[in-house]
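Shown below: upload35.tsv, with TSV, C-alpha atoms and all ligand atoms.
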```
chain	number	residue	atom	x	y	z
A	250	MET	CA	116.90	89.70	102.38
A	251	ARG	CA	114.45	90.49	99.62
A	252	ARG	CA	112.24	87.60	98.66
A	253	ALA	CA	110.61	86.88	95.37
A	254	GLY	CA	107.18	88.27	94.68
A	255	ALA	CA	105.52	91.38	93.39
A	256	ALA	CA	105.34	94.49	95.51
A	257	TYR	CA	103.46	97.64	94.68
A	258	SER	CA	104.39	101.21	95.28
A	259	ILE	CA	101.80	103.35	97.00
A	260	LYS	CA	101.75	105.82	94.16
A	261	SER	CA	101.32	103.55	91.21
A	262	LEU	CA	100.52	100.03	92.38
A	263	GLU	CA	103.12	98.98	89.87
A	264	PRO	CA	106.04	96.78	90.93
A	265	SER	CA	108.26	99.12	92.86
A	266	PRO	CA	111.88	99.45	91.72
A	267	SER	CA	112.96	99.13	95.32
A	268	GLY	CA	110.77	96.12	95.79
A	269	ARG	CA	109.06	97.89	98.67
A	270	GLY	CA	105.51	99.00	98.87
A	271	GLN	CA	105.25	101.55	101.63
A	272	GLY	CA	107.91	104.16	101.80
A	273	GLU	CA	108.91	107.39	100.30
A	274	GLY	CA	105.72	107.78	98.32
A	275	ALA	CA	103.55	107.38	101.36
A	276	ARG	CA	105.42	109.34	103.94
A	277	GLY	CA	105.14	112.76	102.38
A	278	ILE	CA	101.38	112.56	101.90
A	279	SER	CA	99.15	114.39	104.28
A	280	ASP	CA	96.15	112.43	105.42
A	281	GLY	CA	94.06	115.18	106.83
A	282	ALA	CA	94.78	118.69	107.90
A	283	GLY	CA	97.32	119.30	105.16
A	284	LYS	CA	94.79	118.35	102.49
A	285	ALA	CA	97.62	117.53	100.15
A	286	LEU	CA	97.04	113.96	99.10
A	287	ALA	CA	99.04	113.01	96.07
A	288	GLU	CA	97.29	111.73	93.01
A	289	TYR	CA	97.29	108.00	92.51
A	290	PRO	CA	97.21	106.92	88.88
A	291	HIS	CA	95.16	103.90	88.05
A	292	PRO	CA	97.11	100.67	88.05
A	293	ASP	CA	97.55	99.30	84.58
A	294	PRO	CA	95.16	96.47	83.80
A	295	LEU	CA	96.63	93.05	84.35
A	296	PRO	CA	97.63	91.69	80.93
A	297	GLU	CA	95.55	88.73	79.83
A	298	GLY	CA	97.01	85.54	81.25
A	299	GLU	CA	99.36	87.22	83.70
A	300	GLY	CA	99.13	85.72	87.15
A	301	GLU	CA	97.14	82.70	85.97
A	302	GLY	CA	98.10	79.65	87.95
A	303	VAL	CA	100.79	81.54	89.83
A	304	ARG	CA	101.40	80.03	93.26
A	305	GLY	CA	103.89	80.84	95.89
A	306	GLY	CA	106.37	77.99	96.13
A	307	GLY	CA	106.63	75.62	99.06
A	308	PRO	CA	104.43	74.78	102.00
A	309	THR	CA	102.64	77.12	104.36
A	310	LEU	CA	104.90	78.21	107.24
A	311	ARG	CA	103.44	77.09	110.57
A	312	THR	CA	106.19	77.26	113.21
A	313	ALA	CA	108.97	79.55	114.37
A	314	GLY	CA	111.35	77.03	112.83
A	315	ASP	CA	109.61	77.40	109.48
A	316	LEU	CA	109.88	81.19	109.64
A	317	LEU	CA	113.55	80.88	110.55
A	318	ALA	CA	114.24	78.47	107.70
A	319	ALA	CA	112.47	80.81	105.29
A	320	GLY	CA	114.67	83.69	106.40
A	321	LEU	CA	111.76	85.72	107.75
A	322	ILE	CA	113.09	85.94	111.32
A	323	ASP	CA	116.42	85.40	113.02
A	324	GLU	CA	117.18	82.97	115.82
A	325	SER	CA	116.74	85.65	118.48
A	326	ARG	CA	112.98	85.67	117.86
A	327	ARG	CA	112.38	81.93	117.99
A	328	ALA	CA	111.40	81.75	121.67
A	329	GLU	CA	109.09	84.76	121.37
A	330	ILE	CA	107.29	83.29	118.39
A	331	ASP	CA	107.06	79.83	119.92
A	332	ALA	CA	105.43	81.37	123.00
A	333	VAL	CA	102.84	83.27	120.96
A	334	ALA	CA	102.15	80.31	118.68
A	335	ARG	CA	101.30	78.17	121.71
A	336	GLU	CA	98.46	80.62	122.35
A	337	PHE	CA	97.31	81.60	118.85
A	338	ALA	CA	97.59	79.72	115.56
A	339	LEU	CA	100.36	80.59	113.12
A	340	ALA	CA	100.28	80.20	109.33
A	341	VAL	CA	101.91	82.21	106.55
A	342	THR	CA	101.28	81.09	102.99
A	343	PRO	CA	104.16	81.18	100.50
A	344	ASP	CA	102.35	83.96	98.63
A	345	MET	CA	102.31	86.19	101.72
A	346	ALA	CA	105.79	85.13	102.86
A	347	ALA	CA	107.13	86.20	99.47
A	348	LEU	CA	105.92	89.75	100.09
A	349	ILE	CA	107.73	90.16	103.42
A	350	ASP	CA	110.95	92.12	103.62
A	351	PRO	CA	112.69	90.58	106.66
A	352	GLY	CA	115.08	93.53	106.75
A	353	ASP	CA	112.22	95.90	107.57
A	354	PRO	CA	111.13	95.69	111.22
A	355	ALA	CA	107.96	97.61	110.28
A	356	ASP	CA	107.05	95.50	107.26
A	357	PRO	CA	103.24	95.74	106.92
A	358	ILE	CA	102.86	92.18	105.64
A	359	ALA	CA	105.01	90.66	108.39
A	360	ALA	CA	103.05	92.70	110.94
A	361	GLN	CA	99.88	90.91	109.88
A	362	PHE	CA	101.17	87.35	109.97
A	363	VAL	CA	104.41	87.00	111.97
A	364	PRO	CA	103.67	86.72	115.72
A	365	ARG	CA	104.95	89.30	118.20
A	366	ASP	CA	105.19	89.11	121.97
A	367	ALA	CA	102.76	92.05	122.23
A	368	GLU	CA	100.05	89.46	121.53
A	369	LEU	CA	100.62	88.02	124.99
A	370	THR	CA	99.64	91.30	126.64
A	371	VAL	CA	95.91	91.41	127.16
A	372	ALA	CA	94.25	94.78	127.72
A	373	PRO	CA	91.45	94.91	130.32
A	374	GLU	CA	88.80	95.67	127.71
A	375	GLU	CA	89.82	92.77	125.46
A	376	ARG	CA	87.89	89.53	125.36
A	377	ALA	CA	87.92	86.06	123.84
A	378	ASP	CA	84.69	86.63	121.89
A	379	PRO	CA	84.89	90.33	121.09
A	380	ILE	CA	81.75	90.66	118.96
A	381	GLY	CA	79.57	88.27	120.93
A	382	ASP	CA	79.21	85.39	118.47
A	383	ALA	CA	78.47	82.88	121.22
A	384	ALA	CA	75.61	84.92	122.67
A	385	HIS	CA	73.86	84.84	119.29
A	386	SER	CA	74.48	81.23	118.33
A	387	PRO	CA	71.24	79.27	118.64
A	388	VAL	CA	72.65	76.23	116.80
A	389	LYS	CA	76.24	75.16	116.32
A	390	GLY	CA	77.69	76.87	113.24
A	391	ILE	CA	75.04	79.61	113.12
A	392	VAL	CA	75.27	83.18	114.42
A	393	HIS	CA	71.93	84.98	114.19
A	394	ARG	CA	72.44	88.62	115.09
A	395	TYR	CA	70.14	90.46	112.67
A	396	PRO	CA	66.59	89.41	111.75
A	397	ASP	CA	67.14	88.90	108.01
A	398	ARG	CA	70.56	87.28	107.91
A	399	VAL	CA	72.75	84.70	109.61
A	400	LEU	CA	76.36	83.63	109.62
A	401	LEU	CA	77.05	80.02	108.69
A	402	LYS	CA	80.48	78.85	109.90
A	403	PRO	CA	81.19	75.42	108.43
A	404	ILE	CA	84.97	75.42	108.94
A	405	HIS	CA	87.46	76.97	111.34
A	406	VAL	CA	90.69	76.86	109.36
A	407	CYS	CA	92.18	79.70	107.32
A	408	PRO	CA	94.98	79.96	104.76
A	409	VAL	CA	96.81	82.39	107.08
A	410	TYR	CA	96.27	83.32	110.70
A	411	CYS	CA	96.03	87.08	111.03
A	412	ARG	CA	97.61	88.38	114.23
A	413	PHE	CA	94.65	90.76	114.77
A	414	CYS	CA	91.88	88.26	114.07
A	415	PHE	CA	88.62	88.85	115.94
A	416	ARG	CA	87.93	85.11	115.96
A	417	ARG	CA	91.48	84.12	116.91
A	418	GLU	CA	90.22	81.99	119.80
A	419	MET	CA	88.00	79.98	117.43
A	420	VAL	CA	90.16	79.47	114.34
A	421	GLY	CA	93.21	77.31	113.82
A	422	PRO	CA	94.36	73.93	112.63
A	423	GLY	CA	92.43	71.22	114.41
A	424	GLY	CA	89.68	73.74	115.10
A	425	GLU	CA	86.33	72.08	114.92
A	426	ALA	CA	84.57	71.95	111.56
A	427	LEU	CA	80.90	71.11	111.49
A	428	THR	CA	80.13	67.43	111.27
A	429	PRO	CA	77.63	66.41	108.56
A	430	ALA	CA	74.90	66.20	111.21
A	431	GLU	CA	75.77	69.62	112.61
A	432	LEU	CA	75.82	71.13	109.12
A	433	ALA	CA	72.42	69.58	108.39
A	434	ALA	CA	71.03	71.08	111.62
A	435	ALA	CA	72.47	74.49	110.76
A	436	LEU	CA	70.90	74.35	107.29
A	437	GLU	CA	67.60	73.26	108.81
A	438	TYR	CA	67.70	76.28	111.14
A	439	ILE	CA	67.92	78.53	108.07
A	440	ARG	CA	65.31	76.58	106.13
A	441	ALA	CA	62.82	76.88	108.97
A	442	ARG	CA	63.02	80.69	109.09
A	443	PRO	CA	61.63	82.37	105.99
A	444	GLU	CA	62.63	85.78	107.37
A	445	ILE	CA	66.29	84.90	106.66
A	446	TRP	CA	67.13	86.50	103.32
A	447	GLU	CA	70.94	86.36	103.33
A	448	VAL	CA	73.45	83.78	104.55
A	449	ILE	CA	77.04	84.84	105.15
A	450	VAL	CA	79.28	81.80	104.88
A	451	THR	CA	82.37	82.50	106.94
A	452	GLY	CA	84.52	80.72	109.48
A	453	GLY	CA	87.41	80.31	109.37
A	454	ASP	CA	87.58	80.61	105.63
A	455	PRO	CA	84.95	78.77	103.58
A	456	LEU	CA	87.17	78.74	100.49
A	457	MET	CA	89.44	76.35	102.40
A	458	LEU	CA	86.75	73.71	101.95
A	459	ALA	CA	87.28	71.15	99.23
A	460	PRO	CA	85.33	72.26	96.14
A	461	ARG	CA	83.02	69.27	96.46
A	462	ARG	CA	82.04	70.17	100.04
A	463	LEU	CA	81.73	73.85	99.18
A	464	ALA	CA	79.47	72.97	96.24
A	465	GLU	CA	77.27	70.90	98.57
A	466	ILE	CA	76.84	73.83	100.95
A	467	VAL	CA	76.22	76.39	98.19
A	468	GLY	CA	73.80	73.97	96.54
A	469	ALA	CA	71.89	73.40	99.78
A	470	LEU	CA	71.58	77.14	100.36
A	471	ASP	CA	70.59	77.69	96.75
A	472	GLY	CA	67.70	75.31	97.33
A	473	ILE	CA	66.21	77.30	100.22
A	474	ALA	CA	63.32	79.19	98.70
A	475	GLY	CA	63.29	82.33	100.84
A	476	LEU	CA	66.98	83.11	100.54
A	477	GLY	CA	68.04	85.90	98.21
A	478	VAL	CA	71.80	86.09	98.72
A	479	ILE	CA	74.67	83.75	99.57
A	480	ARG	CA	77.71	85.76	100.65
A	481	LEU	CA	81.12	84.19	101.32
A	482	HIS	CA	83.86	85.95	103.28
A	483	THR	CA	87.38	84.87	102.44
A	484	ARG	CA	91.08	85.67	102.60
A	485	VAL	CA	91.93	82.96	100.03
A	486	PRO	CA	92.01	85.04	96.80
A	487	ILE	CA	94.57	87.33	98.46
A	488	ALA	CA	96.55	85.02	100.74
A	489	ASP	CA	96.46	81.78	98.77
A	490	PRO	CA	95.20	82.73	95.29
A	491	GLY	CA	96.25	79.44	93.69
A	492	ARG	CA	93.34	77.82	95.53
A	493	VAL	CA	90.91	79.70	93.31
A	494	THR	CA	90.83	76.94	90.74
A	495	ASP	CA	88.20	76.28	88.10
A	496	ALA	CA	86.74	73.63	90.41
A	497	LEU	CA	86.46	76.06	93.29
A	498	VAL	CA	84.87	78.72	91.10
A	499	ALA	CA	82.42	76.13	89.75
A	500	ALA	CA	81.49	75.22	93.34
A	501	LEU	CA	80.11	78.74	93.79
A	502	LYS	CA	77.70	78.44	90.90
A	503	ALA	CA	74.10	79.03	91.99
A	504	GLU	CA	70.80	80.38	90.81
A	505	LYS	CA	70.75	82.83	93.69
A	506	ALA	CA	73.05	85.83	93.90
A	507	VAL	CA	76.45	84.75	95.22
A	508	PHE	CA	78.73	87.51	96.49
A	509	VAL	CA	82.35	86.98	97.55
A	510	VAL	CA	83.91	89.40	100.04
A	511	VAL	CA	87.71	89.34	99.94
A	512	HIS	CA	89.77	90.46	102.92
A	513	ALA	CA	92.74	92.68	101.99
A	514	ASN	CA	94.63	95.16	104.16
A	515	HIS	CA	97.56	96.51	102.17
A	516	PRO	CA	98.11	97.34	98.48
A	517	ARG	CA	101.12	95.02	98.35
A	518	GLU	CA	98.70	92.12	98.80
A	519	LEU	CA	97.24	92.86	95.35
A	520	THR	CA	99.74	90.74	93.48
A	521	ALA	CA	99.44	89.44	89.95
A	522	ALA	CA	98.29	86.11	91.37
A	523	SER	CA	95.60	87.65	93.61
A	524	ARG	CA	94.41	89.86	90.77
A	525	ALA	CA	94.14	86.82	88.53
A	526	ALA	CA	92.22	84.88	91.21
A	527	CYS	CA	89.72	87.72	91.53
A	528	ARG	CA	89.43	87.91	87.78
A	529	ARG	CA	88.48	84.22	87.65
A	530	LEU	CA	85.67	84.86	90.14
A	531	VAL	CA	84.47	87.96	88.28
A	532	ALA	CA	84.54	86.08	84.99
A	533	ALA	CA	82.16	83.55	86.54
A	534	GLY	CA	79.67	86.35	87.19
A	535	ILE	CA	80.37	86.64	90.92
A	536	PRO	CA	80.31	90.21	92.26
A	537	LEU	CA	83.28	90.92	94.53
A	538	LEU	CA	83.32	93.16	97.60
A	539	SER	CA	86.16	93.76	100.03
A	540	GLN	CA	86.69	94.16	103.74
A	541	THR	CA	89.71	95.73	105.36
A	542	VAL	CA	90.71	96.01	108.99
A	543	LEU	CA	92.17	99.36	110.03
A	544	LEU	CA	95.53	98.36	111.49
A	545	LYS	CA	98.11	100.56	113.18
A	546	GLY	CA	101.42	100.33	111.36
A	547	VAL	CA	99.88	98.49	108.41
A	548	ASN	CA	97.35	100.76	106.73
A	549	ASP	CA	96.45	103.56	109.14
A	550	ASP	CA	97.11	106.40	106.73
A	551	ALA	CA	95.10	107.80	103.86
A	552	ALA	CA	97.79	107.16	101.28
A	553	THR	CA	98.00	103.42	101.94
A	554	LEU	CA	94.24	102.98	102.17
A	555	THR	CA	93.70	105.02	99.02
A	556	ALA	CA	96.15	102.84	97.11
A	557	LEU	CA	94.48	99.73	98.47
A	558	MET	CA	90.94	100.85	97.64
A	559	ARG	CA	91.89	102.04	94.17
A	560	GLY	CA	93.73	98.82	93.53
A	561	LEU	CA	90.71	96.79	94.62
A	562	VAL	CA	88.29	98.78	92.47
A	563	ALA	CA	90.62	98.37	89.49
A	564	MET	CA	90.29	94.60	90.11
A	565	ARG	CA	86.48	95.02	90.04
A	566	VAL	CA	86.28	94.59	93.80
A	567	LYS	CA	83.98	97.14	95.47
A	568	PRO	CA	85.25	98.22	98.92
A	569	TYR	CA	82.53	97.36	101.42
A	570	TYR	CA	83.77	97.54	105.02
A	571	LEU	CA	86.65	99.22	106.78
A	572	HIS	CA	86.53	97.61	110.22
A	573	HIS	CA	87.68	99.34	113.34
A	574	GLY	CA	89.88	96.84	115.20
A	575	ASP	CA	87.90	94.54	117.47
A	576	LEU	CA	88.74	94.00	121.14
A	577	ALA	CA	90.27	90.58	120.57
A	578	ARG	CA	92.81	89.43	123.15
A	579	GLY	CA	96.35	90.58	122.53
A	580	THR	CA	95.58	92.96	119.68
A	581	ALA	CA	95.84	96.41	121.33
A	582	HIS	CA	99.03	97.17	119.38
A	583	PHE	CA	96.99	97.08	116.15
A	584	ARG	CA	94.12	99.32	117.21
A	585	THR	CA	93.92	102.97	116.25
A	586	THR	CA	91.50	105.38	117.86
A	587	ILE	CA	88.14	105.92	116.21
A	588	GLU	CA	89.12	109.57	115.81
A	589	ALA	CA	92.16	108.49	113.79
A	590	GLY	CA	89.97	106.30	111.59
A	591	GLN	CA	87.56	109.16	111.03
A	592	ALA	CA	90.41	111.51	110.11
A	593	ILE	CA	91.61	109.02	107.49
A	594	GLN	CA	88.11	108.65	106.06
A	595	ARG	CA	87.71	112.42	105.99
A	596	ALA	CA	91.01	112.74	104.12
A	597	MET	CA	89.83	110.19	101.55
A	598	ARG	CA	86.24	111.33	101.24
A	599	PHE	CA	86.48	114.11	98.69
A	600	ARG	CA	89.70	113.11	96.99
A	601	VAL	CA	88.87	109.60	95.94
A	602	SER	CA	85.93	108.32	93.93
A	603	GLY	CA	82.93	107.16	95.89
A	604	LEU	CA	83.56	103.73	94.39
A	605	CYS	CA	86.68	103.57	96.57
A	606	GLN	CA	84.93	104.45	99.85
A	607	PRO	CA	84.25	101.59	102.25
A	608	SER	CA	81.91	102.07	105.19
A	609	TYR	CA	83.94	102.51	108.40
A	610	VAL	CA	82.23	100.29	110.98
A	611	LEU	CA	82.56	99.27	114.59
A	612	ASP	CA	81.28	95.87	115.65
A	613	LEU	CA	79.86	96.50	119.09
A	614	PRO	CA	81.26	94.24	121.82
A	615	GLY	CA	78.66	91.84	123.11
A	616	GLY	CA	77.00	91.24	119.77
A	617	ALA	CA	74.80	94.28	119.22
A	618	GLY	CA	76.10	94.44	115.66
A	619	LYS	CA	77.91	96.78	113.30
A	620	VAL	CA	77.50	100.54	113.51
A	621	PRO	CA	78.88	103.03	110.98
A	622	VAL	CA	81.36	105.27	112.82
A	623	GLY	CA	82.66	107.39	109.97
A	624	PRO	CA	82.76	111.17	110.18
A	625	SER	CA	79.60	113.21	109.73
A	626	TYR	CA	79.35	116.19	107.42
A	627	LEU	CA	75.90	117.23	108.54
A	628	GLU	CA	74.73	119.11	111.63
A	629	ALA	CA	71.01	119.46	112.29
A	630	LEU	CA	70.08	123.05	113.20
A	631	GLY	CA	66.39	122.34	113.78
A	632	GLU	CA	63.26	123.18	111.79
A	633	GLY	CA	64.54	121.26	108.79
A	634	ARG	CA	67.76	123.25	108.51
A	635	PHE	CA	71.27	121.87	108.43
A	636	ALA	CA	74.89	122.94	108.31
A	637	VAL	CA	76.75	120.84	105.74
A	638	GLU	CA	80.53	120.68	105.53
A	639	ASP	CA	82.14	120.72	102.08
A	640	ARG	CA	85.42	119.22	100.93
A	641	ASP	CA	87.39	122.22	102.17
A	642	GLY	CA	85.83	122.15	105.59
A	643	ARG	CA	83.56	125.16	104.91
A	644	ARG	CA	80.05	124.97	106.29
A	645	HIS	CA	77.04	125.65	104.11
A	646	ALA	CA	73.49	126.28	105.14
A	647	TYR	CA	70.98	123.83	103.71
A	648	PRO	CA	68.53	124.87	102.40
A	649	PRO	CA	70.59	127.90	101.38
A	650	THR	CA	69.91	131.24	102.98
A	651	GLU	CA	68.29	133.90	100.89
A	652	ASP	CA	71.53	135.31	99.56
A	653	GLY	CA	72.52	131.77	98.60
A	654	GLU	CA	75.71	131.88	100.67
A	655	SER	CA	77.07	129.82	103.48
A	656	LYS	CA	76.07	131.38	106.76
A	657	ASN	CA	77.22	128.89	109.34
B	701	LIG	S1	91.48	84.92	107.55
B	701	LIG	FE1	89.85	85.96	108.72
B	701	LIG	S2	89.09	84.41	110.19
B	701	LIG	FE2	91.08	83.70	109.38
B	701	LIG	S3	92.64	84.45	110.82
B	701	LIG	FE3	92.47	86.02	109.21
B	701	LIG	S4	90.92	87.47	110.00
B	701	LIG	FE4	90.71	85.57	111.21
```

What does this structure look like when you write it as structure tokens?
Amino acid sequence: MRRAGAAYSIKSLEPSPSGRGQGEGARGISDGAGKALAEYPHPDPLPEGEGEGVRGGGPTLRTAGDLLAAGLIDESRRAEIDAVAREFALAVTPDMAALIDPGDPADPIAAQFVPRDAELTVAPEERADPIGDAAHSPVKGIVHRYPDRVLLKPIHVCPVYCRFCFRREMVGPGGEALTPAELAAALEYIRARPEIWEVIVTGGDPLMLAPRRLAEIVGALDGIAGLGVIRLHTRVPIADPGRVTDALVAALKAEKAVFVVVHANHPRELTAASRAACRRLVAAGIPLLSQTVLLKGVNDDAATLTALMRGLVAMRVKPYYLHHGDLARGTAHFRTTIEAGQAIQRAMRFRVSGLCQPSYVLDLPGGAGKVPVGPSYLEALGEGRFAVEDRDGRRHAYPPTEDGESKN
């Protein structure tokens, strides 16, 4: 059954005649050795007014029964999904449900939000706190991993629950939000440390807060003299774009620089409604960045990621991070190898504008932080000399040898 909602073809990001996003256009495109990536035209700009106020109809789907009633699964999967949902929270917004093709067992949107029994298989290297938040949490709601910045986690609910989430043990309905006293203590922790220059408000999803509460938090941070940047990480503009109301945008108003980082994993998520939500934020003077998780079966090819990154840039969203999958429990089926991620980045590097290049990063288990793990094009030869690889894989001496040619 095809459900209502825009889908985007890999090649054009325009609504696909077939209603599908990933298919014929993507499959024939080499992502590495073949060096034959197709060209991707820019998506047309969203006409003024299109997508404004668009909301997926109906409530968020939260149970196997809801998914069944919505036609996203058949009865044979009810027990499987019930079993997974007892372990990890389930939510699919109407906007995301509308993008799912239930007839496609490999649908990249369903893969992100509809539970699978593979989540109940835990690999030996997986852990409940894969990036070591707890080890770096001096005060409830704060994670202080790097000297000049902290995470502030005021809320633990999200518009959707991603099946690959690295904080899946900490998020969910009924998950603890900070009490007013706990929030005050977290803010005091920041206030007392002038070395903290940036606060990353995350969760959960901070744009799930009521605008009044969000405004209080942004206002409190704005009043801390030493802070330079308030950064909010969110899935809302993509997964539940109707929440980006004028009141919510107004809640982000501050004297300090406020950045919003939107989480998007597939070009089909860039619907008219999500594009309009991002436009409302941009119109308020808020710079937008993006983060994407590299996910097997969802976006682990250069064609899909290229379409996603180009689509984001065309929405004035600068790609920031491409995350290697974290070692969260029950997520092995989503993880690629780092070599595969590097091959995809290499395939994109010289064929797509630098604007469309996120930094491929690994968050080290235990909490040691993010490390760029993208491919290198530079080999040190000693004595200030290097071999540098060009877009065709040829190596060049730098500085050049006397005859000016590549000699490596
Ligand atoms: S929105 Fe972010 S925090 Fe929430 S479930 Fe998805 S990945 Fe996890």

Exercise. With all atoms listed in the file counted, collect every polymer residue having an atom within 9 Å of ligand LIG 701 (chain B); state the result as number ranges by chain.
Key: A: 338-340, 361-362, 405-417, 419-421, 451-454, 482-485, 488, 512, 542

How would you write as a PDB file with C-alpha atoms, keeping the file's coordinate frame the residues that get within 12 Å of (102.9, 78.9, 112.0) in the file's frame, counting only C-alpha atoms?
```
ATOM      1  CA  PRO A 308     104.430  74.780 102.000  1.00  0.00           C
ATOM      2  CA  THR A 309     102.640  77.120 104.360  1.00  0.00           C
ATOM      3  CA  LEU A 310     104.900  78.210 107.240  1.00  0.00           C
ATOM      4  CA  ARG A 311     103.440  77.090 110.570  1.00  0.00           C
ATOM      5  CA  THR A 312     106.190  77.260 113.210  1.00  0.00           C
ATOM      6  CA  ALA A 313     108.970  79.550 114.370  1.00  0.00           C
ATOM      7  CA  GLY A 314     111.350  77.030 112.830  1.00  0.00           C
ATOM      8  CA  ASP A 315     109.610  77.400 109.480  1.00  0.00           C
ATOM      9  CA  LEU A 316     109.880  81.190 109.640  1.00  0.00           C
ATOM     10  CA  LEU A 317     113.550  80.880 110.550  1.00  0.00           C
ATOM     11  CA  ALA A 319     112.470  80.810 105.290  1.00  0.00           C
ATOM     12  CA  LEU A 321     111.760  85.720 107.750  1.00  0.00           C
ATOM     13  CA  ARG A 327     112.380  81.930 117.990  1.00  0.00           C
ATOM     14  CA  ILE A 330     107.290  83.290 118.390  1.00  0.00           C
ATOM     15  CA  ASP A 331     107.060  79.830 119.920  1.00  0.00           C
ATOM     16  CA  ALA A 332     105.430  81.370 123.000  1.00  0.00           C
ATOM     17  CA  VAL A 333     102.840  83.270 120.960  1.00  0.00           C
ATOM     18  CA  ALA A 334     102.150  80.310 118.680  1.00  0.00           C
ATOM     19  CA  ARG A 335     101.300  78.170 121.710  1.00  0.00           C
ATOM     20  CA  GLU A 336      98.460  80.620 122.350  1.00  0.00           C
ATOM     21  CA  PHE A 337      97.310  81.600 118.850  1.00  0.00           C
ATOM     22  CA  ALA A 338      97.590  79.720 115.560  1.00  0.00           C
ATOM     23  CA  LEU A 339     100.360  80.590 113.120  1.00  0.00           C
ATOM     24  CA  ALA A 340     100.280  80.200 109.330  1.00  0.00           C
ATOM     25  CA  VAL A 341     101.910  82.210 106.550  1.00  0.00           C
ATOM     26  CA  THR A 342     101.280  81.090 102.990  1.00  0.00           C
ATOM     27  CA  PRO A 343     104.160  81.180 100.500  1.00  0.00           C
ATOM     28  CA  ALA A 346     105.790  85.130 102.860  1.00  0.00           C
ATOM     29  CA  PHE A 362     101.170  87.350 109.970  1.00  0.00           C
ATOM     30  CA  VAL A 363     104.410  87.000 111.970  1.00  0.00           C
ATOM     31  CA  PRO A 364     103.670  86.720 115.720  1.00  0.00           C
ATOM     32  CA  CYS A 407      92.180  79.700 107.320  1.00  0.00           C
ATOM     33  CA  PRO A 408      94.980  79.960 104.760  1.00  0.00           C
ATOM     34  CA  VAL A 409      96.810  82.390 107.080  1.00  0.00           C
ATOM     35  CA  TYR A 410      96.270  83.320 110.700  1.00  0.00           C
ATOM     36  CA  CYS A 411      96.030  87.080 111.030  1.00  0.00           C
ATOM     37  CA  ARG A 412      97.610  88.380 114.230  1.00  0.00           C
ATOM     38  CA  GLY A 421      93.210  77.310 113.820  1.00  0.00           C
ATOM     39  CA  PRO A 422      94.360  73.930 112.630  1.00  0.00           C
TER      40      PRO A 422
END
```

If you take every atom of segment 576-580 of chain A that the file lists and fit an axis-aligned box around them with 6 Å extra on each side, what centre and edge lengths come out in Å to one decimal, as AutoDock Vina command-line options?
```
--center_x 92.5 --center_y 91.7 --center_z 121.4 --size_x 19.6 --size_y 16.6 --size_z 15.5
```

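Atom CA of Ile439 of chain A is positioned 17.7 Å from atom CA of Ala384 of chain A.
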
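By chain and then residue number, the residues within 7 Å of Arg394 of chain A are A:His385, A:Val399, A:Gly618, counting all atoms listed in the file and disregarding those fewer than 4 positions away in sequence.
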
Quiz prompt | Test item: residues at most 9 Å from Leu476 of chain A, all atoms listed in the file, excluding those fewer than 5 positions along its chain, as a ChimeraX atom specification | solution = /A:439-440,443-448,470-471,505

Restrict the selected residues to C-alpha atoms and save them as a short mmCIF file (atom, residue, chain, number, x, y, z; two decimals), in the frame of the given file.
```cif
data_model
loop_
_atom_site.label_atom_id
_atom_site.label_comp_id
_atom_site.auth_asym_id
_atom_site.auth_seq_id
_atom_site.Cartn_x
_atom_site.Cartn_y
_atom_site.Cartn_z
CA ILE A 439 67.92 78.53 108.07
CA ARG A 440 65.31 76.58 106.13
CA PRO A 443 61.63 82.37 105.99
CA GLU A 444 62.63 85.78 107.37
CA ILE A 445 66.29 84.90 106.66
CA TRP A 446 67.13 86.50 103.32
CA GLU A 447 70.94 86.36 103.33
CA VAL A 448 73.45 83.78 104.55
CA LEU A 470 71.58 77.14 100.36
CA ASP A 471 70.59 77.69 96.75
CA LYS A 505 70.75 82.83 93.69
#
```

Quiz item: Which residues, written as a VMD selection string, have at least one atom at most 12 Å from segment 374-383 of chain A, with all atoms listed in the file counted and residues fewer than 5 positions away on the same chain left out?
Solution: chain A and resid 336 to 337 368 to 369 388 to 395 399 to 402 413 to 420 452 573 to 582 584 611 to 619

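Taking only C-alpha atoms into account, Val509 of chain A lies nearest to A:Val450 out of the set A:Met564, A:Leu463, A:Val450, A:Val622.
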
Practice problem: For atom CA of Leu571 of chain A and atom CA of Thr541 of chain A, quote the distance in Å rounded to one decimal. | Solution: 4.9 Å

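Put simply, atom CA of Val493 of chain A is 14.4 Å away from atom CA of Gly534 of chain A.
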
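For the residues A:Asp397, A:Ile404, A:Met457, A:Leu538, ranking by smallest atom-to-atom distance to Arg442 of chain A using all atoms listed in the file places A:Asp397 first.
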